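Okay, coords_37.cif now, which holds mmCIF, C-alpha atoms:
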data_model
#
loop_
_atom_site.group_PDB
_atom_site.id
_atom_site.type_symbol
_atom_site.label_atom_id
_atom_site.label_comp_id
_atom_site.auth_asym_id
_atom_site.auth_seq_id
_atom_site.Cartn_x
_atom_site.Cartn_y
_atom_site.Cartn_z
ATOM 1 C CA MET A 1 14.646 1.330 9.349
ATOM 2 C CA ILE A 2 12.493 3.658 7.208
ATOM 3 C CA THR A 3 12.177 6.984 9.043
ATOM 4 C CA GLU A 4 10.245 9.001 6.444
ATOM 5 C CA LEU A 5 8.352 8.505 3.183
ATOM 6 C CA ALA A 6 7.300 11.361 0.915
ATOM 7 C CA LEU A 7 6.289 12.357 -2.583
ATOM 8 C CA GLU A 8 8.179 15.395 -3.883
ATOM 9 C CA ARG A 9 7.335 17.415 -6.960
ATOM 10 C CA VAL A 10 10.580 18.809 -8.357
ATOM 11 C CA GLU A 11 10.695 21.721 -10.795
ATOM 12 C CA PHE A 12 13.423 22.118 -13.393
ATOM 13 C CA THR A 13 14.256 25.201 -15.424
ATOM 14 C CA CYS A 14 16.791 24.811 -18.206
ATOM 15 C CA GLY A 15 19.394 27.550 -18.013
ATOM 16 C CA HIS A 16 20.078 27.169 -21.724
ATOM 17 C CA CYS A 17 16.662 27.284 -23.441
ATOM 18 C CA TRP A 18 14.542 28.312 -20.385
ATOM 19 C CA HIS A 19 12.169 25.354 -20.777
ATOM 20 C CA GLN A 20 10.447 24.611 -17.470
ATOM 21 C CA TRP A 21 8.973 21.264 -16.394
ATOM 22 C CA SER A 22 8.327 19.229 -13.246
ATOM 23 C CA MET A 23 8.495 15.598 -12.180
ATOM 24 C CA ASP A 24 7.309 13.627 -9.140
ATOM 25 C CA TYR A 25 9.741 11.572 -7.072
ATOM 26 C CA ASP A 26 9.144 9.058 -4.287
ATOM 27 C CA VAL A 27 11.575 9.758 -1.443
ATOM 28 C CA GLN A 28 12.544 7.372 1.340
ATOM 29 C CA HIS A 29 14.665 8.316 4.331
ATOM 30 C CA TYR A 30 16.371 5.341 5.924
ATOM 31 C CA ARG A 31 18.550 4.885 9.019
ATOM 32 C CA ASP A 32 21.019 2.013 8.804
ATOM 33 C CA ASP A 33 22.211 -0.217 11.646
ATOM 34 C CA ASP A 34 25.124 2.170 12.317
ATOM 35 C CA GLY A 35 22.748 5.141 12.818
ATOM 36 C CA ARG A 36 23.615 6.829 9.508
ATOM 37 C CA ASP A 37 20.791 8.482 7.595
ATOM 38 C CA TRP A 38 20.288 7.835 3.865
ATOM 39 C CA GLU A 39 17.936 9.235 1.274
ATOM 40 C CA TYR A 40 16.642 7.198 -1.671
ATOM 41 C CA PHE A 41 14.765 8.541 -4.711
ATOM 42 C CA SER A 42 12.689 6.636 -7.240
ATOM 43 C CA ARG A 43 10.454 7.442 -10.218
ATOM 44 C CA ASP A 44 7.826 5.003 -11.398
ATOM 45 C CA GLY A 45 9.341 2.358 -9.103
ATOM 46 C CA ILE A 46 12.857 2.721 -10.546
ATOM 47 C CA ALA A 47 15.697 3.891 -8.286
ATOM 48 C CA VAL A 48 17.292 7.149 -9.494
ATOM 49 C CA ASP A 49 19.910 9.597 -8.262
ATOM 50 C CA SER A 50 18.720 12.669 -6.387
ATOM 51 C CA PRO A 51 17.237 15.269 -8.768
ATOM 52 C CA TYR A 52 18.913 17.894 -6.567
ATOM 53 C CA THR A 53 22.361 16.812 -7.785
ATOM 54 C CA PRO A 54 23.969 17.199 -11.227
ATOM 55 C CA GLN A 55 24.201 13.416 -11.750
ATOM 56 C CA GLY A 56 20.479 12.965 -10.947
ATOM 57 C CA ALA A 57 19.108 15.885 -12.940
ATOM 58 C CA PRO A 58 17.057 14.667 -15.918
ATOM 59 C CA PRO A 59 17.824 16.046 -19.373
ATOM 60 C CA CYS A 60 15.789 19.010 -20.612
ATOM 61 C CA PRO A 61 13.045 17.702 -22.927
ATOM 62 C CA GLU A 62 13.800 20.545 -25.345
ATOM 63 C CA CYS A 63 17.591 20.713 -25.621
ATOM 64 C CA GLY A 64 18.937 17.751 -23.607
ATOM 65 C CA ARG A 65 21.040 19.740 -21.146
ATOM 66 C CA ARG A 66 20.801 18.909 -17.437
ATOM 67 C CA TRP A 67 19.874 21.367 -14.685
ATOM 68 C CA VAL A 68 19.489 20.592 -10.985
ATOM 69 C CA GLY A 69 15.894 20.725 -9.728
ATOM 70 C CA ARG A 70 14.301 22.591 -6.862
ATOM 71 C CA ILE A 71 11.474 21.388 -4.676
ATOM 72 C CA LEU A 72 8.066 22.681 -5.736
ATOM 73 C CA ALA A 73 5.779 20.734 -3.374
ATOM 74 C CA ARG A 74 5.956 17.861 -0.928
ATOM 75 C CA ARG A 75 3.511 15.380 0.602
ATOM 76 C CA SER A 76 4.582 13.218 3.532
ATOM 77 C CA ILE A 77 3.321 9.651 3.606
ATOM 78 C CA PRO A 78 2.775 8.285 7.127
ATOM 79 C CA THR A 79 4.992 5.346 8.043
ATOM 80 C CA PRO A 80 3.404 2.447 9.959
ATOM 81 C CA PRO A 81 2.160 2.002 12.575
ATOM 82 C CA GLY A 82 1.058 5.647 12.544
ATOM 83 C CA LEU A 83 -0.402 7.717 15.330
ATOM 84 C CA VAL A 84 -2.527 6.088 18.004
ATOM 85 C CA GLY A 85 -6.056 5.781 16.651
ATOM 86 C CA THR A 86 -4.936 5.744 12.997
ATOM 87 C CA PRO A 87 -7.471 3.735 10.967
ATOM 88 C CA ARG A 88 -6.153 0.351 9.923
ATOM 89 C CA GLN A 89 -7.465 -2.948 8.659
ATOM 90 C CA ARG A 90 -6.059 -6.352 9.492
ATOM 91 C CA ILE A 91 -5.183 -8.520 6.479
ATOM 92 C CA ALA A 92 -6.328 -12.056 7.251
ATOM 93 C CA ASP A 93 -5.365 -13.660 3.920
ATOM 94 C CA ALA A 94 -2.457 -11.812 2.296
ATOM 95 C CA ALA A 95 -2.569 -13.898 -0.888
ATOM 96 C CA SER A 96 -6.136 -12.925 -1.735
ATOM 97 C CA HIS A 97 -6.184 -9.419 -0.240
ATOM 98 C CA ARG A 98 -7.187 -6.913 -2.966
ATOM 99 C CA PRO A 99 -5.490 -8.893 -5.780
ATOM 100 C CA GLU A 100 -6.542 -6.239 -8.328
ATOM 101 C CA ARG A 101 -3.852 -3.939 -6.948
ATOM 102 C CA HIS A 102 -1.209 -6.089 -8.655
ATOM 103 C CA GLY A 103 -2.768 -5.432 -12.077
ATOM 104 C CA ALA A 104 -3.438 -1.713 -11.568
ATOM 105 C CA PRO A 105 -1.537 0.485 -14.032
ATOM 106 C CA PRO A 106 1.433 2.365 -12.580
ATOM 107 C CA LEU A 107 0.849 5.994 -11.670
ATOM 108 C CA ASP A 108 3.252 7.787 -14.018
ATOM 109 C CA ALA A 109 5.600 10.223 -12.298
ATOM 110 C CA GLN A 110 4.762 12.835 -14.956
ATOM 111 C CA ALA A 111 0.965 12.346 -14.784
ATOM 112 C CA HIS A 112 0.213 15.848 -13.557
ATOM 113 C CA THR A 113 -0.343 19.284 -15.010
ATOM 114 C CA GLN A 114 2.934 20.984 -15.804
ATOM 115 C CA PRO A 115 3.625 24.505 -14.502
ATOM 116 C CA ALA A 116 3.245 27.477 -16.837
ATOM 117 C CA GLN A 117 6.123 27.695 -19.299
ATOM 118 C CA LEU A 118 8.414 30.668 -18.706
ATOM 119 C CA GLY A 119 10.246 32.295 -21.571
ATOM 120 C CA ALA A 120 13.775 33.666 -21.704
ATOM 121 C CA PRO A 121 14.459 36.783 -19.621
ATOM 122 C CA ASP A 122 13.429 40.109 -21.166
ATOM 123 C CA ALA A 123 15.653 43.206 -21.273
ATOM 124 C CA ASP A 124 15.004 43.828 -17.557
ATOM 125 C CA GLY A 125 15.941 40.264 -16.602
ATOM 126 C CA GLU A 126 12.342 39.279 -15.845
ATOM 127 C CA ARG A 127 11.127 35.940 -17.173
ATOM 128 C CA VAL A 128 7.771 36.175 -18.920
ATOM 129 C CA LYS A 129 5.123 33.466 -19.238
ATOM 130 C CA VAL A 130 4.748 31.975 -22.692
ATOM 131 C CA ASP A 131 1.258 31.511 -24.157
ATOM 132 C CA ALA A 132 0.932 27.700 -24.171
ATOM 133 C CA ASP A 133 -1.066 27.643 -27.432
ATOM 134 C CA ALA A 134 1.428 29.916 -29.155
ATOM 135 C CA ALA A 135 4.363 27.839 -27.879
ATOM 136 C CA GLU A 136 2.782 24.692 -29.320
ATOM 137 C CA GLY A 137 2.136 26.372 -32.674
ATOM 138 C CA VAL A 138 -1.655 26.109 -32.274
#
Using structure tokens, write down the structure that the file contains.
Amino acid sequence: MITELALERVEFTCGHCWHQWSMDYDVQHYRDDDGRDWEYFSRDGIAVDSPYTPQGAPPCPECGRRWVGRILARRSIPTPPGLVGTPRQRIADAASHRPERHGAPPLDAQAHTQPAQLGAPDADGERVKVDADAAEGV
């Protein structure tokens, strides 16, 4: 049984080159028939390992090394049937109900503004923001 659905934005900071980026993950909490709780992650509809573990951390886009992510933001998605009084609409003909949804383009897990890039630590150990135009060579 699905017990929780959410969208989590996960931030990654490479400990080698200090590149910083974020990605969105769909998260599903599930309780099996034996009462054990499980957590499933997916990106763009593809099952992936947890980004909070070394095996699920994506490679740095700059240097290819992997660093475990940290949660940046989270949005819960209500699971049916929802609270009493939650708006809902009965589907009379499932085959013809909003057929355009099947042809809609996927919402890319990276289709959001990335956080400000942070540079390597300065002499005091503080990380400084990098001018995005300068970093791109513009």
Next item on the list: Using the chain letters and residue numbers of this document, give as JSON, numbers by chain the residues selected by the PyMOL selection byres ((chain A and resi 10) around 12).
Entry: {"A": [7, 8, 9, 11, 12, 13, 20, 21, 22, 23, 24, 25, 26, 27, 41, 43, 50, 51, 52, 53, 56, 57, 58, 67, 68, 69, 70, 71, 72, 73, 74, 75, 109, 110, 112, 114, 115]}
Produce a file of the selected residues containing C-alpha atoms, as a compact mmCIF listing (two decimals), in the frame of the given file.
# COMPACT_ATOMS: atom_id res chain seq x y z
CA LEU A 7 6.29 12.36 -2.58
CA GLU A 8 8.18 15.40 -3.88
CA ARG A 9 7.34 17.42 -6.96
CA GLU A 11 10.70 21.72 -10.80
CA PHE A 12 13.42 22.12 -13.39
CA THR A 13 14.26 25.20 -15.42
CA GLN A 20 10.45 24.61 -17.47
CA TRP A 21 8.97 21.26 -16.39
CA SER A 22 8.33 19.23 -13.25
CA MET A 23 8.49 15.60 -12.18
CA ASP A 24 7.31 13.63 -9.14
CA TYR A 25 9.74 11.57 -7.07
CA ASP A 26 9.14 9.06 -4.29
CA VAL A 27 11.58 9.76 -1.44
CA PHE A 41 14.76 8.54 -4.71
CA ARG A 43 10.45 7.44 -10.22
CA SER A 50 18.72 12.67 -6.39
CA PRO A 51 17.24 15.27 -8.77
CA TYR A 52 18.91 17.89 -6.57
CA THR A 53 22.36 16.81 -7.78
CA GLY A 56 20.48 12.96 -10.95
CA ALA A 57 19.11 15.88 -12.94
CA PRO A 58 17.06 14.67 -15.92
CA TRP A 67 19.87 21.37 -14.68
CA VAL A 68 19.49 20.59 -10.98
CA GLY A 69 15.89 20.72 -9.73
CA ARG A 70 14.30 22.59 -6.86
CA ILE A 71 11.47 21.39 -4.68
CA LEU A 72 8.07 22.68 -5.74
CA ALA A 73 5.78 20.73 -3.37
CA ARG A 74 5.96 17.86 -0.93
CA ARG A 75 3.51 15.38 0.60
CA ALA A 109 5.60 10.22 -12.30
CA GLN A 110 4.76 12.84 -14.96
CA HIS A 112 0.21 15.85 -13.56
CA GLN A 114 2.93 20.98 -15.80
CA PRO A 115 3.62 24.50 -14.50
Please put the answer as AutoDock Vina command-line options: centre and edge lengths, in Å with one decimal, of a box along x, y and z that encloses all listed atoms of range 42-48 of chain A plus 3 Å on each side.
--center_x 12.6 --center_y 4.9 --center_z -9.3 --size_x 15.5 --size_y 11.1 --size_z 10.2
Checklist line | Close residues, Glu62 in chain A itself excluded, 10 Å, all atoms listed in the file, min 3 positions apart in chain, as a list of chain:residue names | finding: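 The filter keeps A:Cys14, A:His16, A:Cys17, A:Trp18, A:His19, A:Gln20, A:Pro59, A:Arg65.
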How would the residues just chosen look if you wrote them out with C-alpha atoms as an mmCIF file, keeping the file's coordinate frame?
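Okay, part.cif is ready:
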data_model
loop_
_atom_site.group_PDB
_atom_site.id
_atom_site.type_symbol
_atom_site.label_atom_id
_atom_site.label_comp_id
_atom_site.auth_asym_id
_atom_site.auth_seq_id
_atom_site.Cartn_x
_atom_site.Cartn_y
_atom_site.Cartn_z
ATOM 1 C CA CYS A 14 16.791 24.811 -18.206
ATOM 2 C CA HIS A 16 20.078 27.169 -21.724
ATOM 3 C CA CYS A 17 16.662 27.284 -23.441
ATOM 4 C CA TRP A 18 14.542 28.312 -20.385
ATOM 5 C CA HIS A 19 12.169 25.354 -20.777
ATOM 6 C CA GLN A 20 10.447 24.611 -17.470
ATOM 7 C CA PRO A 59 17.824 16.046 -19.373
ATOM 8 C CA ARG A 65 21.040 19.740 -21.146
#
Next item on the list: Carefully work through the PyMOL selection byres ((chain A and resi 77-86) around 7) for this structure and note down the residues it includes, as a list in words.
Entry: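 When the PyMOL selection byres ((chain A and resi 77-86) around 7) is applied, the selected residues are Glu4, Leu5, Ala6, Arg75, Ser76, Pro87 and Arg88 of chain A.
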Notebook entry, point to check: Excluding same-chain residues fewer than 2 positions from Met1 in chain A, what lies within 7 Å of it counting all atoms listed in the file, as a ChimeraX atom specification?
Noted result: /A:3,30-32
Some atoms are absent from range 18-46 of chain A, so rebuild N, CA and C atoms and return them as a CSV table (one decimal), in the frame of the given file.
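Below is the file part.csv, written as the result:
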chain,number,residue,atom,x,y,z
A,18,TRP,N,15.6,27.8,-21.3
A,18,TRP,CA,14.5,28.3,-20.4
A,18,TRP,C,13.3,27.5,-20.4
A,19,HIS,N,13.3,26.3,-20.9
A,19,HIS,CA,12.2,25.4,-20.8
A,19,HIS,C,12.0,25.0,-19.3
A,20,GLN,N,10.7,24.9,-18.9
A,20,GLN,CA,10.4,24.6,-17.5
A,20,GLN,C,9.5,23.4,-17.4
A,21,TRP,N,9.8,22.5,-16.5
A,21,TRP,CA,9.0,21.3,-16.4
A,21,TRP,C,9.1,20.8,-15.0
A,22,SER,N,8.2,19.8,-14.6
A,22,SER,CA,8.3,19.2,-13.2
A,22,SER,C,8.1,17.7,-13.3
A,23,MET,N,8.6,17.0,-12.3
A,23,MET,CA,8.5,15.6,-12.2
A,23,MET,C,8.3,15.2,-10.7
A,24,ASP,N,7.6,14.1,-10.5
A,24,ASP,CA,7.3,13.6,-9.1
A,24,ASP,C,8.3,12.5,-8.8
A,25,TYR,N,8.8,12.6,-7.6
A,25,TYR,CA,9.7,11.6,-7.1
A,25,TYR,C,9.2,11.0,-5.8
A,26,ASP,N,9.4,9.7,-5.6
A,26,ASP,CA,9.1,9.1,-4.3
A,26,ASP,C,10.5,9.2,-3.5
A,27,VAL,N,10.4,9.6,-2.3
A,27,VAL,CA,11.6,9.8,-1.4
A,27,VAL,C,11.5,8.9,-0.2
A,28,GLN,N,12.5,8.2,0.1
A,28,GLN,CA,12.5,7.4,1.3
A,28,GLN,C,13.8,7.7,2.2
A,29,HIS,N,13.6,8.1,3.4
A,29,HIS,CA,14.7,8.3,4.3
A,29,HIS,C,14.8,7.0,5.1
A,30,TYR,N,16.1,6.6,5.3
A,30,TYR,CA,16.4,5.3,5.9
A,30,TYR,C,17.5,5.5,6.9
A,31,ARG,N,17.4,4.9,8.1
A,31,ARG,CA,18.6,4.9,9.0
A,31,ARG,C,19.1,3.5,9.1
A,32,ASP,N,20.4,3.3,8.8
A,32,ASP,CA,21.0,2.0,8.8
A,32,ASP,C,21.4,1.6,10.2
A,33,ASP,N,21.9,0.4,10.3
A,33,ASP,CA,22.2,-0.2,11.6
A,33,ASP,C,23.3,0.6,12.4
A,34,ASP,N,24.1,1.4,11.7
A,34,ASP,CA,25.1,2.2,12.3
A,34,ASP,C,24.6,3.6,12.7
A,35,GLY,N,23.3,3.8,12.5
A,35,GLY,CA,22.7,5.1,12.8
A,35,GLY,C,22.9,6.2,11.8
A,36,ARG,N,23.4,5.9,10.6
A,36,ARG,CA,23.6,6.8,9.5
A,36,ARG,C,22.3,7.0,8.7
A,37,ASP,N,22.0,8.2,8.4
A,37,ASP,CA,20.8,8.5,7.6
A,37,ASP,C,21.1,8.5,6.1
A,38,TRP,N,20.2,7.9,5.3
A,38,TRP,CA,20.3,7.8,3.9
A,38,TRP,C,19.0,8.3,3.2
A,39,GLU,N,19.1,8.8,2.0
A,39,GLU,CA,17.9,9.2,1.3
A,39,GLU,C,17.9,8.5,-0.1
A,40,TYR,N,16.8,7.9,-0.4
A,40,TYR,CA,16.6,7.2,-1.7
A,40,TYR,C,15.5,7.8,-2.5
A,41,PHE,N,15.8,8.0,-3.8
A,41,PHE,CA,14.8,8.5,-4.7
A,41,PHE,C,14.4,7.5,-5.7
A,42,SER,N,13.1,7.5,-6.1
A,42,SER,CA,12.7,6.6,-7.2
A,42,SER,C,11.6,7.3,-8.0
A,43,ARG,N,11.5,6.9,-9.3
A,43,ARG,CA,10.5,7.4,-10.2
A,43,ARG,C,9.8,6.2,-10.9
A,44,ASP,N,8.5,6.1,-10.8
A,44,ASP,CA,7.8,5.0,-11.4
A,44,ASP,C,8.4,3.7,-10.9
A,45,GLY,N,8.8,3.6,-9.7
A,45,GLY,CA,9.3,2.4,-9.1
A,45,GLY,C,10.8,2.0,-9.5
A,46,ILE,N,11.5,2.9,-10.1
A,46,ILE,CA,12.9,2.7,-10.5
A,46,ILE,C,13.8,3.7,-9.7
